[in-house]
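Encoded as structure tokens, the structure appears first; notes follow it.
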Amino acid sequence: MSYLTADRLVSGQEGRAYLKTDGQNRELLYLKSVTASVVKRKTAVRTLGRRGDQFKSAGFSGSGKMVVYYVTSLFREKMLEYMKTGVDTSFDIVIINEDPQSGCGVQSMVLKNCNLDKVVLAKLDVSEDFLDEELSFTFEDAEMLSQFDEGE
């Protein structure tokens, strides 16, 4: 009988992320966490001879959130540019999971045409040792550049 062994688990600290914007690749050294999800949109279909609904996939919606240490003004600059000029900026995020101890190899994912939803413009908090901020975003497409080796 086969089973997953603990040494194949991927550490959440082992990896990196890059933000591609304005023709530059910026490593997100200040990233604490990032999660991106896709929700499939389904349409209910009713047909003769069946009492229950059937479902047909009819698109998707991609969204995510990042938590970053409060040490960069990049996201505030992008939001202020939109607020003042109406010029909105999209960017790509490359997320790489690579834990050399796991033996799973590397998974790389690109989130394309990310667009900010919510940005913290200013923050003070005496209850926190280190300030961070949560940024929400949407994305329009994704591509898997490399995938984990699921061999045993």
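By order in the structure tokens, chains are A, B, ...; within a chain, residues start at 1; ligands start at 1, following the order shown.
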
So which residues touch Ser90 (chain A) within 7 Å, counting only C-alpha atoms, skipping near sequence neighbours fewer than 4 positions away, as a CSV table (one decimal) with N, CA, C and O atoms, in the first residue's frame?
```
chain,number,residue,atom,x,y,z
A,113,ASN,N,-2.4,39.5,-15.7
A,113,ASN,CA,-3.3,40.7,-15.7
A,113,ASN,C,-4.0,40.8,-14.3
A,113,ASN,O,-5.2,41.0,-14.2
A,114,CYS,N,-3.1,40.8,-13.3
A,114,CYS,CA,-3.6,41.1,-12.0
A,114,CYS,C,-4.0,42.6,-11.8
A,114,CYS,O,-3.3,43.4,-12.4
A,115,ASN,N,-5.0,42.8,-11.1
A,115,ASN,CA,-5.4,44.2,-10.9
A,115,ASN,C,-5.8,44.4,-9.4
A,115,ASN,O,-6.6,43.6,-8.9
```

Next on the checklist: With DSSP run on the backbone, what are the strand (DSSP E) residues within chain A? I'd like them as a PyMOL selection string.
Outcome noted: chain A and resi 15-21+24-27+31-45+54-69+91-98+106-118+132-139+141-146

Checklist entry - When DSSP works through the backbone of this structure, what residues of region 1-125 of chain A end up as alpha helix (DSSP H), shown as a PyMOL selection string? => result chain A and resi 74-85

Write a file of the selected residues as a PDB file, in the first residue's frame, keeping C-alpha atoms.
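What ended up in part_14.pdb:
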```
ATOM      1  CA  LEU A  74       4.725  50.305  -4.867  1.00  0.00           C
ATOM      2  CA  PHE A  75       1.085  49.329  -4.398  1.00  0.00           C
ATOM      3  CA  ARG A  76       0.131  52.704  -2.923  1.00  0.00           C
ATOM      4  CA  GLU A  77       1.788  54.409  -5.915  1.00  0.00           C
ATOM      5  CA  LYS A  78      -0.252  52.272  -8.340  1.00  0.00           C
ATOM      6  CA  MET A  79      -3.519  52.988  -6.522  1.00  0.00           C
ATOM      7  CA  LEU A  80      -2.814  56.725  -6.226  1.00  0.00           C
ATOM      8  CA  GLU A  81      -2.009  56.873  -9.952  1.00  0.00           C
ATOM      9  CA  TYR A  82      -5.408  55.364 -10.681  1.00  0.00           C
ATOM     10  CA  MET A  83      -7.147  57.715  -8.224  1.00  0.00           C
ATOM     11  CA  LYS A  84      -5.517  60.845  -9.685  1.00  0.00           C
ATOM     12  CA  THR A  85      -5.361  60.035 -13.429  1.00  0.00           C
TER      13      THR A  85
END
```

Checklist entry - In Å, with one decimal, what is the gap from CA of Leu116 (chain A) to CA of Ser61 (chain A)? => result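 Rounded to one decimal, the two atoms are 14.5 Å apart.
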
Long-range neighbours of region 102-108 of chain A as a CSV table (one decimal) with all heavy atoms, in the first residue's frame, 6 Å cut-off, only C-alpha atoms, 5 positions minimum in chain:
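As a result, selection22.csv now contains:
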```csv
chain,number,residue,atom,x,y,z
A,7,ASP,N,8.3,13.6,4.3
A,7,ASP,CA,9.4,14.3,3.7
A,7,ASP,C,9.0,14.9,2.3
A,7,ASP,O,9.8,15.6,1.7
A,7,ASP,CB,10.6,13.4,3.6
A,7,ASP,CG,10.3,12.1,2.8
A,7,ASP,OD1,9.2,11.7,2.6
A,7,ASP,OD2,11.3,11.6,2.3
A,8,ARG,N,7.9,14.5,1.7
A,8,ARG,CA,7.4,15.0,0.4
A,8,ARG,C,6.6,16.3,0.6
A,8,ARG,O,6.3,16.9,-0.4
A,8,ARG,CB,6.7,13.9,-0.4
A,8,ARG,CG,7.6,12.8,-0.8
A,8,ARG,CD,7.0,11.9,-1.9
A,8,ARG,NE,6.4,12.6,-3.0
A,8,ARG,CZ,7.1,13.0,-4.1
A,8,ARG,NH1,8.4,13.0,-4.2
A,8,ARG,NH2,6.4,13.6,-5.1
A,9,LEU,N,6.2,16.6,1.8
A,9,LEU,CA,5.4,17.8,2.0
A,9,LEU,C,6.2,19.1,1.6
A,9,LEU,O,7.4,19.2,1.9
A,9,LEU,CB,4.9,17.9,3.4
A,9,LEU,CG,4.0,16.7,3.8
A,9,LEU,CD1,3.6,16.9,5.3
A,9,LEU,CD2,2.8,16.6,2.9
A,10,VAL,N,5.6,20.1,1.0
A,10,VAL,CA,6.3,21.3,0.6
A,10,VAL,C,6.1,22.4,1.7
A,10,VAL,O,5.0,22.7,2.1
A,10,VAL,CB,5.6,21.8,-0.7
A,10,VAL,CG1,6.3,23.1,-1.2
A,10,VAL,CG2,5.8,20.7,-1.8
A,95,ILE,N,4.6,32.9,-9.1
A,95,ILE,CA,4.8,32.2,-7.8
A,95,ILE,C,5.5,30.9,-8.0
A,95,ILE,O,5.0,30.1,-8.8
A,95,ILE,CB,3.4,32.0,-7.1
A,95,ILE,CG1,2.7,33.4,-6.9
A,95,ILE,CG2,3.5,31.3,-5.8
A,95,ILE,CD1,1.2,33.3,-6.6
A,96,ILE,N,6.6,30.7,-7.3
A,96,ILE,CA,7.4,29.5,-7.4
A,96,ILE,C,7.4,28.8,-6.1
A,96,ILE,O,7.9,29.3,-5.1
A,96,ILE,CB,8.8,29.9,-7.9
A,96,ILE,CG1,8.7,30.6,-9.2
A,96,ILE,CG2,9.7,28.6,-8.0
A,96,ILE,CD1,10.0,31.3,-9.6
A,97,ASN,N,7.0,27.5,-6.1
A,97,ASN,CA,7.1,26.7,-4.9
A,97,ASN,C,8.3,25.8,-5.2
A,97,ASN,O,8.3,25.0,-6.2
A,97,ASN,CB,5.9,25.8,-4.7
A,97,ASN,CG,4.6,26.6,-4.4
A,97,ASN,OD1,3.8,26.8,-5.3
A,97,ASN,ND2,4.5,27.1,-3.2
A,144,MET,N,0.6,27.5,-15.9
A,144,MET,CA,1.5,26.7,-15.1
A,144,MET,C,2.8,26.5,-15.9
A,144,MET,O,2.8,25.8,-16.9
A,144,MET,CB,0.9,25.3,-14.7
A,144,MET,CG,1.8,24.6,-13.7
A,144,MET,SD,1.1,23.0,-13.1
A,144,MET,CE,-0.5,23.5,-12.5
A,145,LEU,N,3.9,27.0,-15.4
A,145,LEU,CA,5.2,26.9,-16.1
A,145,LEU,C,5.9,25.6,-15.8
A,145,LEU,O,6.6,25.1,-16.7
A,145,LEU,CB,6.1,28.1,-15.8
A,145,LEU,CG,5.5,29.5,-16.1
A,145,LEU,CD1,6.5,30.6,-15.6
A,145,LEU,CD2,5.2,29.7,-17.5
A,146,SER,N,5.7,25.1,-14.6
A,146,SER,CA,6.3,23.8,-14.2
A,146,SER,C,5.4,23.2,-13.2
A,146,SER,O,4.7,24.0,-12.5
A,146,SER,CB,7.7,24.0,-13.8
A,146,SER,OG,7.8,24.8,-12.6
A,147,GLN,N,5.4,21.9,-13.0
A,147,GLN,CA,4.5,21.3,-12.1
A,147,GLN,C,5.3,20.3,-11.2
A,147,GLN,O,6.4,19.9,-11.6
A,147,GLN,CB,3.4,20.6,-12.8
A,147,GLN,CG,3.8,19.6,-13.8
A,147,GLN,CD,2.6,19.1,-14.6
A,147,GLN,OE1,1.5,19.7,-14.5
A,147,GLN,NE2,2.7,18.0,-15.3
A,148,PHE,N,4.8,20.0,-10.0
A,148,PHE,CA,5.4,19.1,-9.1
A,148,PHE,C,5.5,17.7,-9.7
A,148,PHE,O,4.7,17.3,-10.5
A,148,PHE,CB,4.5,19.0,-7.8
A,148,PHE,CG,4.5,20.2,-7.0
A,148,PHE,CD1,3.3,20.7,-6.5
A,148,PHE,CD2,5.7,20.8,-6.6
A,148,PHE,CE1,3.3,21.8,-5.7
A,148,PHE,CE2,5.7,21.9,-5.7
A,148,PHE,CZ,4.5,22.4,-5.3
A,149,ASP,N,6.6,17.0,-9.4
A,149,ASP,CA,6.7,15.6,-9.7
A,149,ASP,C,6.0,14.8,-8.7
A,149,ASP,O,6.3,14.8,-7.5
A,149,ASP,CB,8.2,15.3,-9.7
A,149,ASP,CG,8.5,13.8,-9.9
A,149,ASP,OD1,7.6,13.1,-10.4
A,149,ASP,OD2,9.6,13.4,-9.6
```

Checklist entry - Near region 37-45 of chain A, within 7 Å and counting only C-alpha atoms, which residues show up once chain neighbours fewer than 3 positions away are dropped, as a VMD selection string? => result chain A and resid 53 to 64

Item to check | Residue neighbourhood region 120-133 of chain A, 8 Å, only C-alpha atoms, exclusion window fewer than 3 positions, as a PyMOL selection string | outcome: chain A and resi 67-70+76

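The environment of Thr35 (chain A) within 12 Å, counting only C-alpha atoms and disregarding residues fewer than 4 places along the same chain, consists of Gly12, Ala17, Leu31, Gly62, Ser63, Gly64, Lys65, Met66, Val67, Ile93, Val94, Ile95, Met109, Leu111, Glu134, Leu135, Ser136, Phe137, Thr138 and Phe139 of chain A.
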
Just to be explicit: take each residue in the selection above, keep all heavy atoms, and write the result as a tab-separated table (two decimals), in the first residue's frame.
```tsv
chain	number	residue	atom	x	y	z
A	12	GLY	N	5.90	26.00	3.18
A	12	GLY	CA	5.36	27.26	2.70
A	12	GLY	C	6.39	28.38	2.64
A	12	GLY	O	6.17	29.40	2.00
A	17	ALA	N	8.49	34.77	-5.18
A	17	ALA	CA	7.47	35.35	-6.03
A	17	ALA	C	8.04	36.60	-6.68
A	17	ALA	O	8.88	37.30	-6.11
A	17	ALA	CB	6.22	35.68	-5.24
A	31	LEU	N	7.03	39.67	0.78
A	31	LEU	CA	5.81	38.87	0.77
A	31	LEU	C	5.76	37.94	1.99
A	31	LEU	O	6.74	37.27	2.29
A	31	LEU	CB	5.77	38.03	-0.51
A	31	LEU	CG	4.55	37.15	-0.72
A	31	LEU	CD1	3.34	38.01	-1.03
A	31	LEU	CD2	4.81	36.19	-1.87
A	62	GLY	N	-11.09	34.81	-11.35
A	62	GLY	CA	-9.87	34.62	-10.57
A	62	GLY	C	-9.66	35.76	-9.59
A	62	GLY	O	-9.80	36.92	-9.96
A	63	SER	N	-9.34	35.41	-8.35
A	63	SER	CA	-9.06	36.44	-7.35
A	63	SER	C	-8.01	35.94	-6.38
A	63	SER	O	-7.76	34.74	-6.29
A	63	SER	CB	-10.34	36.84	-6.60
A	63	SER	OG	-10.84	35.74	-5.88
A	64	GLY	N	-7.41	36.88	-5.67
A	64	GLY	CA	-6.39	36.48	-4.73
A	64	GLY	C	-6.15	37.53	-3.68
A	64	GLY	O	-6.76	38.61	-3.70
A	65	LYS	N	-5.26	37.20	-2.76
A	65	LYS	CA	-4.84	38.17	-1.76
A	65	LYS	C	-3.39	37.91	-1.41
A	65	LYS	O	-2.91	36.77	-1.47
A	65	LYS	CB	-5.73	38.16	-0.53
A	65	LYS	CG	-5.54	36.99	0.38
A	65	LYS	CD	-6.36	37.15	1.65
A	65	LYS	CE	-6.04	36.01	2.60
A	65	LYS	NZ	-6.67	36.17	3.88
A	66	MET	N	-2.70	39.00	-1.11
A	66	MET	CA	-1.32	38.94	-0.66
A	66	MET	C	-1.25	39.64	0.68
A	66	MET	O	-1.95	40.63	0.90
A	66	MET	CB	-0.39	39.72	-1.59
A	66	MET	CG	-0.21	39.19	-2.95
A	66	MET	SD	1.08	40.12	-3.84
A	66	MET	CE	0.17	41.58	-4.34
A	67	VAL	N	-0.42	39.12	1.55
A	67	VAL	CA	-0.07	39.83	2.77
A	67	VAL	C	1.42	40.13	2.65
A	67	VAL	O	2.22	39.23	2.40
A	67	VAL	CB	-0.37	39.02	4.04
A	67	VAL	CG1	0.07	39.77	5.29
A	67	VAL	CG2	-1.85	38.67	4.12
A	93	ILE	N	2.00	38.13	-11.66
A	93	ILE	CA	2.70	37.62	-10.49
A	93	ILE	C	3.13	36.19	-10.81
A	93	ILE	O	2.32	35.37	-11.24
A	93	ILE	CB	1.81	37.61	-9.23
A	93	ILE	CG1	1.32	39.01	-8.89
A	93	ILE	CG2	2.56	36.99	-8.05
A	93	ILE	CD1	0.34	39.05	-7.73
A	94	VAL	N	4.41	35.92	-10.60
A	94	VAL	CA	4.95	34.57	-10.76
A	94	VAL	C	5.20	34.01	-9.37
A	94	VAL	O	5.90	34.64	-8.57
A	94	VAL	CB	6.27	34.58	-11.58
A	94	VAL	CG1	6.82	33.17	-11.70
A	94	VAL	CG2	6.05	35.21	-12.94
A	95	ILE	N	4.61	32.86	-9.08
A	95	ILE	CA	4.76	32.23	-7.77
A	95	ILE	C	5.45	30.89	-7.97
A	95	ILE	O	4.99	30.05	-8.76
A	95	ILE	CB	3.39	32.02	-7.09
A	95	ILE	CG1	2.68	33.36	-6.93
A	95	ILE	CG2	3.54	31.30	-5.76
A	95	ILE	CD1	1.22	33.26	-6.59
A	109	MET	N	3.77	29.10	-11.22
A	109	MET	CA	2.48	29.56	-11.73
A	109	MET	C	2.56	31.04	-12.02
A	109	MET	O	3.12	31.80	-11.23
A	109	MET	CB	1.39	29.28	-10.70
A	109	MET	CG	-0.01	29.58	-11.15
A	109	MET	SD	-0.67	28.40	-12.33
A	109	MET	CE	-0.81	26.94	-11.32
A	111	LEU	N	0.19	34.31	-12.64
A	111	LEU	CA	-1.14	34.92	-12.60
A	111	LEU	C	-1.07	36.13	-13.52
A	111	LEU	O	-0.26	37.03	-13.28
A	111	LEU	CB	-1.51	35.33	-11.19
A	111	LEU	CG	-1.39	34.25	-10.12
A	111	LEU	CD1	-1.67	34.83	-8.75
A	111	LEU	CD2	-2.30	33.09	-10.42
A	134	GLU	N	-2.70	43.73	3.86
A	134	GLU	CA	-3.34	42.74	3.00
A	134	GLU	C	-3.82	43.45	1.73
A	134	GLU	O	-4.48	44.48	1.80
A	134	GLU	CB	-4.51	42.09	3.71
A	134	GLU	CG	-5.16	40.99	2.91
A	134	GLU	CD	-6.27	40.30	3.67
A	134	GLU	OE1	-5.98	39.72	4.73
A	134	GLU	OE2	-7.42	40.35	3.19
A	135	LEU	N	-3.47	42.89	0.59
A	135	LEU	CA	-3.85	43.44	-0.70
A	135	LEU	C	-4.72	42.41	-1.42
A	135	LEU	O	-4.32	41.26	-1.55
A	135	LEU	CB	-2.61	43.72	-1.56
A	135	LEU	CG	-1.53	44.59	-0.92
A	135	LEU	CD1	-0.22	44.42	-1.64
A	135	LEU	CD2	-1.97	46.03	-0.94
A	136	SER	N	-5.88	42.82	-1.87
A	136	SER	CA	-6.71	41.91	-2.66
A	136	SER	C	-6.61	42.30	-4.13
A	136	SER	O	-6.37	43.46	-4.46
A	136	SER	CB	-8.16	41.95	-2.18
A	136	SER	OG	-8.71	43.23	-2.31
A	137	PHE	N	-6.76	41.30	-4.99
A	137	PHE	CA	-6.63	41.53	-6.43
A	137	PHE	C	-7.45	40.51	-7.21
A	137	PHE	O	-7.88	39.50	-6.66
A	137	PHE	CB	-5.16	41.47	-6.86
A	137	PHE	CG	-4.48	40.13	-6.62
A	137	PHE	CD1	-4.46	39.15	-7.60
A	137	PHE	CD2	-3.87	39.87	-5.40
A	137	PHE	CE1	-3.84	37.94	-7.37
A	137	PHE	CE2	-3.24	38.66	-5.17
A	137	PHE	CZ	-3.23	37.68	-6.16
A	138	THR	N	-7.67	40.83	-8.45
A	138	THR	CA	-8.27	39.87	-9.39
A	138	THR	C	-7.23	39.56	-10.45
A	138	THR	O	-6.25	40.29	-10.62
A	138	THR	CB	-9.52	40.46	-10.07
A	138	THR	OG1	-9.17	41.68	-10.71
A	138	THR	CG2	-10.64	40.69	-9.07
A	139	PHE	N	-7.42	38.46	-11.17
A	139	PHE	CA	-6.57	38.14	-12.31
A	139	PHE	C	-7.42	37.52	-13.40
A	139	PHE	O	-8.50	37.00	-13.15
A	139	PHE	CB	-5.39	37.22	-11.92
A	139	PHE	CG	-5.78	35.88	-11.35
A	139	PHE	CD1	-5.91	34.77	-12.17
A	139	PHE	CD2	-6.03	35.73	-9.99
A	139	PHE	CE1	-6.25	33.54	-11.65
A	139	PHE	CE2	-6.38	34.51	-9.47
A	139	PHE	CZ	-6.49	33.41	-10.30
```

Next on the checklist: Env of Gln13 (chain A): 10 Å cut, atoms = only C-alpha atoms, seq-sep filter 2 positions within chain, self excluded. Answer as a list in words.
Outcome noted: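 Contacts, in chain order: Val10, Ser11, Gly15, Arg16, Lys32, Ser33, Asn97, Glu98 and Asp99 of chain A.
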
Next on the checklist: Can you measure CA of Lys112 (chain A) to CA of Asp88 (chain A) for me? One decimal in Å is fine.
Outcome noted: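 About the pair CA of Lys112 (chain A) and CA of Asp88 (chain A): they are 14.9 Å apart.
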
Checklist entry - Mind pulling up the distance from CA of Thr89 (chain A) to CA of Thr21 (chain A)? => result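 About the pair CA of Thr21 (chain A) and CA of Thr89 (chain A): they are 8.2 Å apart.
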
Item to check | Residue nearest Ala142 (chain A) - candidates A:Lys20, A:Val110, A:Arg46, A:Asn25, atoms counted: only C-alpha atoms | outcome: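 When distances to Ala142 (chain A) are compared using only C-alpha atoms, the smallest one comes from A:Val110.
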
Item to check | Shortest interatomic distance to Gln101 (chain A) - which of A:Val119, A:Val87, A:Met1, A:Ala6, counting only C-alpha atoms | outcome: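 Nearest candidate to Gln101 (chain A) out of A:Val119, A:Val87, A:Met1, A:Ala6: A:Ala6.
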